[in-house]
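Peer 1: My questions will all concern the structure given below.
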Amino acid sequence: MSSKFKNSIGNTFLLYLPLILLFVSVFNELDFNYLNYQYFSFNFPFILIFYWSLKRIETLGYGYIFIAGMFNDAVLGFPIGISSLTYLIICGFAAYLKNITLRPHLFKDWLYFLFTILVANSINYFLLMLFFSVEINYYEILGNIIFTFLFYYIFAYIFDIYRKIISRIKT
Amino acid sequence: MVASRDDFIIAIRSAFLNKGNKQRFSLIGLIFFSTGLLILSKVNLPVTNYLKISLNEIVYRSSFIVSVPERKIYNLTNKIKDHYNIYNDYLLIKEEANQLQSEKYETQFLREENKRLKKIIKEYIYKSEELVAKVLIDKKSPFLKSIIVNKGSKDNIKLGMAVLDGSYLVGKIVEVNYLTSRALLVSDLNSKIPVGIEPNNIQSILTGTGKQNGKIEYLENEISIEDKSIVYTSGSGGLFKSGIPVGIYYKENSDEKEKVKFFSKLSQLTFVKLVSFEEDGN
């Protein structure tokens, strides 16, 4: 009974792990900025949202992604709604790719992810600069985009393994 | 051609309009809702301000709890670094302490003399109200450099109050909630502080660079600043009193030219002083 109970808690935790990671990363800005390497930062929520929107959107859910975006705005001091909009644009791009892809391939997803974050970041910073007069360092953005793009491949590989584990638990 | 355009439209419609399995909201609905929220933020309605303040209160507290493990790791790495550097630091500090001891008496004399002279020319002498606050969240986002402190309107915190680390200026309050406030650090790109540079009392504006240093802006070409000049607040604009030390101006550096290195280490703030300055009636 006890081991069954423990198992069910462990399984539930594993099933909701991407969602937990999303909220932890928006609350905590999981980007290793504290290492203080110049221009080094990456946007973990972008990777998480794109991957799971592409592979299995039920894991995160648009509603939760929207709420996570609002939390991210509050933490970073951005106008409320801007991160939600960016996250949902990423979801839209991923959903479109999912609809047009017959045979998924990590490399193609990776390149499409670059295009997606370029568009999403452009909209984000265009709105911030034009309507909210926030000054932004372009080198920092560029560094963030490059590292987010590079890290996607690694995280996608890890998430693939995680998905295999989850499917085994479910069966 | 027509078929491929149809495919594109079907794929777009399916991605944005259809609700997926177990989805309560369609993507396009939420995108419109976010856009609506953004417009309301821009319009600055009182209702949205209350919503924002409530959201901030919840999120800041939650973020403080969630950030505990990361902070522990960060503190641990700092401790290890400190242990490695302890002997060199000790020698440096010993030398500095000797120098400071001798300068202390001179400063005391100058301070008293300055007070007397200010009274003679009838310049305002400021009295300040200080409040010590704990740094709840220290977000070193690549785009915004700010900290969240655990004092808000309940503790009489007001917009524009100076944030000090010891006696050094580190930022100013830009957002006040009921129990928490956000301070924009001097290193942020959007931070602009009127400063005076000594010697020669050169008046200018100190702007953040988004990194660990600042730069001097709006300076006439013929004015030249000496290397290692000290940057103080000038008191222009009446927000801060004059003479709060901010940093040292370096004329040339191997990796970057002309920068202001802040006295305070902005990445390691744990407690800060929130100060408002008022003219002393006496």
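Simple scheme: letters A, B, ... for chains in structure tokens order, numbers from 1 for residues in each chain, numbers from 1 for ligands in the order shown.
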Within 7 Å of chain B, which residues belong to chain A? Use only C-alpha atoms and report them as number ranges by chain.
Peer 2: A: 24, 27-28, 33, 41, 58, 61-63, 71, 74-76, 79-82, 84-85, 88, 92, 95-96, 99-100, 134-137, 140
Peer 1: Quote the spacing between atom CA of Ile65 of chain A and atom CA of Pro18 of chain A in Å to one decimal place.
Peer 2: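 Atom CA of Pro18 of chain A lies 11.2 Å from atom CA of Ile65 of chain A.
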Peer 1: Provide the atom CA of Phe23 of chain A to atom CA of Phe159 of chain A distance in Å, to one decimal place.
Peer 2: 16.7 Å
Peer 1: List every residue of segment 128-271 of chain B that DSSP, applied to the backbone of this structure, assigns to strand (DSSP E), and report them as number ranges by chain.
Peer 2: B: 128-140, 145-149, 162-165, 168-176, 181-185, 192-198, 202-208, 213-217, 229-233, 245-250, 259-262, 271
Peer 1: Nearest to Gln203 of chain B: which of B:Gly166, B:Pro245, B:Gly171, B:Gly235 is it, counting only C-alpha atoms?
Peer 2: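 Using only C-alpha atoms, the shortest distance to Gln203 of chain B belongs to B:Gly235.
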Peer 1: What separation in Å, quoted to one decimal, exists between atom CA of Val149 of chain B and atom CA of Leu136 of chain B?
Peer 2: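 That distance, rounded to one decimal, is 5.3 Å.
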Peer 1: If you count only C-alpha atoms, which residues fall within 9 Å of segment 213-227 of chain B, apart from same-chain ones fewer than 5 positions away, as a PyMOL selection string?
Peer 2: chain B and resi 186-189+195+197-200+202-208+247-252+258-262
